[in-house]
$ cat start-v1.cif   # mmCIF, C-alpha atoms
data_data
#
loop_
_atom_site.label_atom_id
_atom_site.label_comp_id
_atom_site.auth_asym_id
_atom_site.auth_seq_id
_atom_site.Cartn_x
_atom_site.Cartn_y
_atom_site.Cartn_z
CA MET R 14 -29.82 -34.43 25.03
CA ALA R 15 -28.92 -37.90 23.82
CA LEU R 16 -29.35 -39.48 20.42
CA LEU R 17 -32.99 -39.94 19.49
CA GLU R 18 -33.85 -43.04 17.46
CA ASP R 19 -37.00 -43.10 15.35
CA PRO R 20 -39.02 -40.61 17.42
CA GLU R 21 -41.66 -40.77 14.67
CA GLN R 22 -42.14 -44.46 15.63
CA HIS R 23 -42.16 -45.56 12.01
CA GLU R 24 -40.47 -48.84 12.90
CA SER R 25 -42.91 -49.77 15.66
CA ARG R 26 -45.88 -48.93 13.42
CA ALA R 27 -44.48 -51.03 10.59
CA LEU R 28 -43.93 -53.95 12.97
CA ALA R 29 -47.45 -53.57 14.40
CA ARG R 30 -48.84 -53.71 10.88
CA MET R 31 -47.06 -57.00 10.27
CA VAL R 32 -47.82 -58.52 13.69
CA PRO R 33 -50.80 -56.72 15.27
CA SER R 34 -50.31 -58.47 18.64
CA PHE R 35 -47.43 -60.41 20.15
CA SER R 36 -49.61 -61.55 23.01
CA GLY R 37 -49.09 -65.25 23.71
CA LEU R 38 -46.48 -65.65 20.97
CA ARG R 39 -43.10 -67.38 21.19
CA VAL R 40 -40.62 -65.06 19.52
CA LEU R 41 -37.09 -65.58 18.23
CA GLU R 42 -35.15 -62.39 17.45
CA ILE R 43 -32.02 -62.76 15.33
CA GLY R 44 -29.48 -59.95 15.58
CA CYS R 45 -31.14 -58.30 18.56
CA GLY R 46 -28.24 -55.93 19.30
CA ASP R 47 -28.87 -54.06 22.53
CA GLY R 48 -32.63 -54.56 22.25
CA ARG R 49 -34.04 -51.64 20.27
CA VAL R 50 -36.52 -53.87 18.41
CA THR R 51 -36.97 -56.19 21.41
CA ARG R 52 -38.31 -53.18 23.31
CA LEU R 53 -41.21 -52.96 20.84
CA TYR R 54 -42.77 -56.33 21.67
CA ALA R 55 -41.08 -58.13 24.60
CA SER R 56 -43.58 -57.11 27.26
CA GLN R 57 -46.41 -58.76 25.29
CA ALA R 58 -44.76 -61.97 24.13
CA ARG R 59 -45.18 -65.31 25.87
CA SER R 60 -41.45 -65.99 25.53
CA VAL R 61 -38.49 -64.42 23.75
CA VAL R 62 -35.22 -65.97 22.62
CA ALA R 63 -32.89 -63.17 21.45
CA ILE R 64 -29.56 -63.90 19.82
CA ASP R 65 -26.65 -61.76 18.68
CA PRO R 66 -23.00 -62.66 18.08
CA SER R 67 -21.87 -59.68 20.21
CA PRO R 68 -21.45 -60.60 23.92
CA GLU R 69 -21.47 -56.90 24.82
CA SER R 70 -24.85 -56.40 23.16
CA ILE R 71 -26.27 -59.49 24.88
CA ASP R 72 -25.00 -58.27 28.27
CA ALA R 73 -26.76 -54.93 27.70
CA LEU R 74 -29.95 -56.71 26.66
CA ARG R 75 -29.92 -58.95 29.74
CA LEU R 76 -29.72 -55.91 32.01
CA GLU R 77 -32.94 -54.52 30.57
CA PHE R 78 -34.85 -57.74 29.84
CA ALA R 79 -34.37 -60.26 32.62
CA ALA R 80 -37.11 -62.52 31.25
CA VAL R 81 -35.58 -62.77 27.78
CA ASP R 82 -33.50 -65.84 26.95
CA ALA R 83 -30.55 -63.89 25.52
CA ARG R 84 -27.70 -65.79 23.90
CA ALA R 85 -24.44 -64.51 22.41
CA ILE R 86 -24.49 -66.76 19.36
CA GLY R 87 -25.34 -66.71 15.67
CA ILE R 88 -28.34 -68.50 14.19
CA GLU R 89 -26.11 -71.33 12.93
CA GLU R 90 -25.31 -72.21 16.56
CA LEU R 91 -28.87 -71.89 17.85
CA GLU R 92 -30.47 -75.04 19.21
CA LEU R 93 -34.25 -74.99 19.45
CA PRO R 94 -36.86 -77.66 18.67
CA PRO R 95 -38.25 -77.55 15.13
CA HIS R 96 -41.43 -75.52 14.68
CA SER R 97 -41.25 -74.16 18.23
CA ILE R 98 -41.41 -70.47 17.30
CA ASP R 99 -44.42 -68.37 16.30
CA VAL R 100 -42.51 -65.34 15.01
CA ALA R 101 -38.86 -65.08 14.00
CA ILE R 102 -37.57 -61.53 13.54
CA PHE R 103 -34.44 -60.62 11.61
CA SER R 104 -33.63 -57.24 13.16
CA TRP R 105 -31.57 -55.56 10.48
CA SER R 106 -29.49 -58.72 10.53
CA LEU R 107 -29.90 -60.48 7.19
CA MET J 27 -28.20 -65.08 4.33
CA VAL J 28 -30.37 -67.64 2.57
CA ASP J 29 -29.05 -70.24 5.03
CA ALA J 30 -30.25 -68.07 7.92
CA LEU J 31 -33.69 -67.84 6.33
CA ARG J 32 -33.71 -71.59 5.76
CA ARG J 33 -32.83 -72.18 9.43
CA ALA J 34 -35.63 -69.80 10.48
CA SER J 35 -38.07 -71.72 8.28
CA GLU J 36 -37.21 -74.87 10.24
CA LEU J 37 -37.87 -73.19 13.58
CA VAL J 38 -41.11 -71.40 12.78
CA ARG J 39 -44.44 -73.18 13.09
CA PRO J 40 -46.32 -73.71 9.81
CA THR J 41 -48.83 -71.08 10.93
CA GLY J 42 -46.11 -68.69 12.14
CA CYS J 43 -44.10 -66.11 10.23
CA VAL J 44 -40.70 -64.55 9.74
CA ILE J 45 -40.32 -60.77 9.93
CA ASP J 46 -37.37 -59.33 8.03
CA LEU J 47 -36.27 -55.74 8.63
CA HIS J 48 -33.31 -54.40 6.69
CA PRO J 49 -32.23 -51.12 5.11
CA THR J 50 -32.81 -50.75 1.39
CA SER J 51 -29.88 -50.00 -0.87
CA ALA J 52 -31.05 -46.36 -1.14
CA PRO J 53 -28.44 -43.89 0.16
CA ALA J 54 -28.61 -43.00 3.86
CA LEU J 55 -29.24 -39.25 3.92
CA VAL J 56 -27.97 -36.54 6.24
CA LEU J 57 -30.63 -33.94 6.94
CA ILE J 58 -30.85 -30.72 8.90
CA GLY J 59 -34.54 -30.39 9.64
CA ASP J 60 -36.09 -31.32 6.29
CA SER J 61 -33.14 -30.09 4.22
CA ILE J 62 -30.98 -32.83 2.73
CA SER J 63 -27.33 -31.88 3.10
CA GLY J 64 -25.85 -35.01 1.55
CA HIS J 65 -25.51 -38.71 2.13
CA VAL J 66 -23.49 -41.00 4.37
CA ASP J 67 -20.52 -42.70 2.75
CA THR J 68 -21.39 -46.28 3.60
CA GLY J 69 -18.64 -48.31 1.96
CA GLY J 70 -19.95 -51.80 1.26
CA ALA J 71 -23.27 -51.36 3.06
CA LYS J 72 -25.24 -50.77 -0.15
CA ALA J 73 -24.10 -54.14 -1.52
CA ARG J 74 -24.88 -55.83 1.81
CA HIS J 75 -28.39 -54.41 1.90
CA GLN J 76 -29.00 -55.46 -1.69
CA ALA J 77 -27.74 -58.94 -0.80
CA ALA J 78 -30.34 -59.12 1.99
CA THR J 79 -33.07 -58.21 -0.51
CA ASP J 80 -31.72 -60.82 -2.91
CA ALA J 81 -31.67 -63.46 -0.15
CA VAL J 82 -35.36 -62.90 0.55
CA ALA J 83 -36.10 -63.23 -3.18
CA THR J 84 -34.07 -66.44 -3.34
CA ALA J 85 -35.89 -67.88 -0.33
CA VAL J 86 -39.21 -67.14 -2.01
CA ARG J 87 -38.06 -68.66 -5.31
CA SER J 88 -36.92 -71.73 -3.36
CA ARG J 89 -40.42 -72.01 -1.92
CA LEU J 90 -39.30 -71.63 1.68
CA PHE J 91 -41.69 -68.70 2.09
CA VAL J 92 -44.23 -66.53 0.39
CA VAL J 93 -44.25 -62.77 0.99
CA ALA J 94 -47.49 -62.22 2.88
CA ASP J 95 -46.96 -58.47 3.33
CA THR J 96 -44.27 -55.90 2.65
CA GLY J 97 -43.69 -52.23 3.23
CA GLU J 98 -41.06 -49.52 3.62
CA PHE J 99 -40.49 -46.75 6.12
CA ASP J 100 -37.97 -44.05 7.03
CA PHE J 101 -35.81 -44.60 10.11
CA SER J 102 -34.12 -41.49 11.48
CA VAL J 103 -31.57 -40.97 14.24
CA TYR J 104 -31.34 -37.42 15.56
CA ALA J 105 -28.31 -35.92 17.31
CA ASP J 106 -27.60 -32.62 19.00
CA THR J 107 -24.55 -31.90 16.89
CA LEU J 108 -22.94 -33.10 13.69
CA ASP J 109 -19.99 -34.41 15.68
CA GLU J 110 -22.36 -36.50 17.77
CA LEU J 111 -24.04 -37.84 14.62
CA GLN J 112 -20.66 -38.66 13.10
CA GLN J 113 -19.68 -40.48 16.29
CA HIS J 114 -22.93 -42.48 16.26
CA ILE J 115 -22.27 -43.61 12.71
CA HIS J 116 -18.70 -44.51 13.61
CA ASP J 117 -19.77 -46.49 16.69
CA ASP J 118 -22.96 -48.20 15.52
CA TRP J 119 -22.58 -48.76 11.79
CA ARG J 120 -20.40 -51.53 10.49
CA GLU J 121 -18.78 -48.96 8.24
CA GLY J 122 -19.65 -45.45 7.18
CA HIS J 123 -18.98 -41.79 7.83
CA ILE J 124 -20.17 -38.35 6.85
CA GLY J 125 -17.71 -37.14 4.22
CA ASP J 126 -16.05 -33.73 4.32
CA VAL J 127 -18.27 -32.12 1.68
CA THR J 128 -21.52 -33.27 3.31
CA PHE J 129 -20.19 -32.32 6.76
CA ALA J 130 -19.33 -28.78 5.59
CA HIS J 131 -22.65 -28.39 3.79
CA SER J 132 -24.49 -29.59 6.89
CA LEU J 133 -22.63 -27.09 9.08
CA ALA J 134 -23.57 -24.29 6.73
CA ILE J 135 -27.27 -25.23 6.96
CA LEU J 136 -27.00 -25.62 10.74
CA ARG J 137 -25.70 -22.08 11.09
CA ALA J 138 -28.92 -20.80 9.53
CA THR J 139 -31.36 -22.95 11.48
CA ALA J 140 -31.99 -24.33 14.95
CA GLN J 141 -32.93 -27.79 13.65
CA ARG J 142 -31.15 -30.95 14.83
CA PRO J 143 -29.05 -32.99 12.41
CA ARG J 144 -30.18 -36.52 11.63
CA VAL J 145 -29.39 -39.49 9.46
CA ARG J 146 -32.29 -41.13 7.64
CA GLU J 147 -32.36 -44.63 6.18
CA ARG J 148 -35.04 -46.25 4.07
CA VAL J 149 -35.98 -49.62 5.56
CA VAL J 150 -37.96 -52.52 4.11
CA ILE J 151 -40.07 -54.84 6.25
CA ASN J 152 -41.36 -58.19 5.02
CA ARG J 153 -43.72 -60.70 6.57
CA LEU J 154 -42.77 -64.13 5.24
CA GLN J 155 -45.14 -67.04 5.58
CA PRO J 156 -43.69 -70.56 5.52
CA VAL J 157 -44.73 -72.67 2.58
CA SER J 158 -46.30 -75.91 3.74
CA ALA J 159 -44.50 -78.98 2.48
#
$ encode --input "start-v1.cif" --output "structure tokens"
Amino acid sequence: MALLEDPEQHESRALARMVPSFSGLRVLEIGCGDGRVTRLYASQARSVVAIDPSPESIDALRLEFAAVDARAIGIEELELPPHSIDVAIFSWSL
Amino acid sequence: MVDALRRASELVRPTGCVIDLHPTSAPALVLIGDSISGHVDTGGAKARHQAATDAVATAVRSRLFVVADTGEFDFSVYADTLDELQQHIHDDWREGHIGDVTFAHSLAILRATAQRPRVRERVVINRLQPVSA
């Protein structure tokens, strides 16, 4: 058996309390890692930009989420139009 | 950290929000079933997590955001063995390990129970609403 992360789904419930639906939303995820949090909302969102400084993490994320705009950069390097995002998520990355 | 929040405030629509998830500065616990066997030695992580909390407070004081909602939850990672849990912490945490005393105590509890070992962190989640100019 492999590692089991948050089988109680506390994280997904907490996120759902904060954002009841991601449907139609443009999401920016900062510090996405290999996509553990991305997995909780990506299928609903209108678009997702996911960034992480680790190229290995971004490669892993791209394999699972072909529709996600995944970039191996930090937020200081991110170029997006102002006010173009509905929800920005800092995934354990502040 | 505040700079990252400031950048996010520039990217989010006035009616949008920023979600911040980060561990609290409470110790990360090692448990066997529901029995606490000790805590993870996390080096500078406690200070980093406190700095994240402080950054959110600074962003609010600077009127970048208001805290629209906040909460806390437990986040656990279960392993089959203590060695596997130790390896996970080594691989996935920026720093940290299960010290010898906690490891030995955990093994002693494991011998008496069929429960899986886990590490449990306390996590805070904030929904930050941009402040209109």
$ resolve_selection --input "start-v1.cif" --expression "the PyMOL selection byres ((chain R and resi 101) around 10)" --output "PyMOL selection string"
(chain R and resi 39-43+61-63+98-100+102-104) or (chain J and resi 31+34-35+37-39+42-46+153-154)
$ closest_atom_pairs --input "start-v1.cif" --of "chain J" --to "chain R" --cutoff "9 Å" --atoms "only C-alpha atoms" --output "Markdown table"
| residue | atom | partner | partner_atom | distance |
| --- | --- | --- | --- | --- |
| J:Met27 | CA | R:Leu107 | CA | 5.7 |
| J:Val28 | CA | R:Leu107 | CA | 8.5 |
| J:Asp29 | CA | R:Glu89 | CA | 8.5 |
| J:Ala30 | CA | R:Ile88 | CA | 6.6 |
| J:Leu31 | CA | R:Leu107 | CA | 8.3 |
| J:Arg33 | CA | R:Ile88 | CA | 7.5 |
| J:Ala34 | CA | R:Ala101 | CA | 6.7 |
| J:Ser35 | CA | R:His96 | CA | 8.2 |
| J:Glu36 | CA | R:Pro95 | CA | 5.7 |
| J:Leu37 | CA | R:His96 | CA | 4.4 |
| J:Val38 | CA | R:His96 | CA | 4.5 |
| J:Arg39 | CA | R:His96 | CA | 4.1 |
| J:Pro40 | CA | R:His96 | CA | 7.1 |
| J:Thr41 | CA | R:Asp99 | CA | 7.5 |
| J:Gly42 | CA | R:Asp99 | CA | 4.5 |
| J:Cys43 | CA | R:Val100 | CA | 5.1 |
| J:Val44 | CA | R:Ala101 | CA | 4.7 |
| J:Ile45 | CA | R:Ile102 | CA | 4.6 |
| J:Asp46 | CA | R:Phe103 | CA | 4.8 |
| J:Leu47 | CA | R:Trp105 | CA | 5.1 |
| J:His48 | CA | R:Trp105 | CA | 4.3 |
| J:Pro49 | CA | R:Trp105 | CA | 7.0 |
| J:Arg74 | CA | R:Leu107 | CA | 8.7 |
| J:His75 | CA | R:Leu107 | CA | 8.2 |
| J:Ala77 | CA | R:Leu107 | CA | 8.4 |
| J:Ala78 | CA | R:Leu107 | CA | 5.4 |
| J:Thr79 | CA | R:Leu107 | CA | 8.6 |
| J:Ala81 | CA | R:Leu107 | CA | 8.1 |
| J:Val82 | CA | R:Leu107 | CA | 8.9 |
| J:Asp95 | CA | R:Met31 | CA | 7.1 |
| J:Thr96 | CA | R:Met31 | CA | 8.2 |
| J:Gly97 | CA | R:Ala27 | CA | 7.5 |
| J:Glu98 | CA | R:Ala27 | CA | 7.9 |
| J:Phe99 | CA | R:His23 | CA | 6.2 |
| J:Asp100 | CA | R:His23 | CA | 6.7 |
| J:Phe101 | CA | R:Asp19 | CA | 5.6 |
| J:Ser102 | CA | R:Asp19 | CA | 5.1 |
| J:Val103 | CA | R:Glu18 | CA | 4.5 |
| J:Tyr104 | CA | R:Leu17 | CA | 5.0 |
| J:Ala105 | CA | R:Leu16 | CA | 4.8 |
| J:Asp106 | CA | R:Met14 | CA | 6.7 |
| J:Glu110 | CA | R:Leu16 | CA | 8.0 |
| J:Leu111 | CA | R:Leu16 | CA | 8.0 |
| J:His114 | CA | R:Leu16 | CA | 8.2 |
| J:Val149 | CA | R:Glu24 | CA | 8.6 |
| J:Ile151 | CA | R:Ala27 | CA | 7.3 |
| J:Asn152 | CA | R:Met31 | CA | 7.8 |
| J:Arg153 | CA | R:Met31 | CA | 6.2 |
$ closest_residue --input "start-v1.cif" --among "R:Arg52, R:Ala83, R:Glu90, R:Gly37" --to "Ser70 of chain R" --atoms "all atoms listed in the file"
R:Ala83
$ atom_distance --input "start-v1.cif" --atom1 "atom CA of His131 of chain J" --atom2 "atom CA of Gly64 of chain J"
7.7 Å
$ resolve_selection --input "start-v1.cif" --expression "the PyMOL selection byres ((chain J and resi 141) around 9)" --output "JSON, numbers by chain"
{"J": [58, 59, 60, 106, 136, 139, 140, 142, 143]}
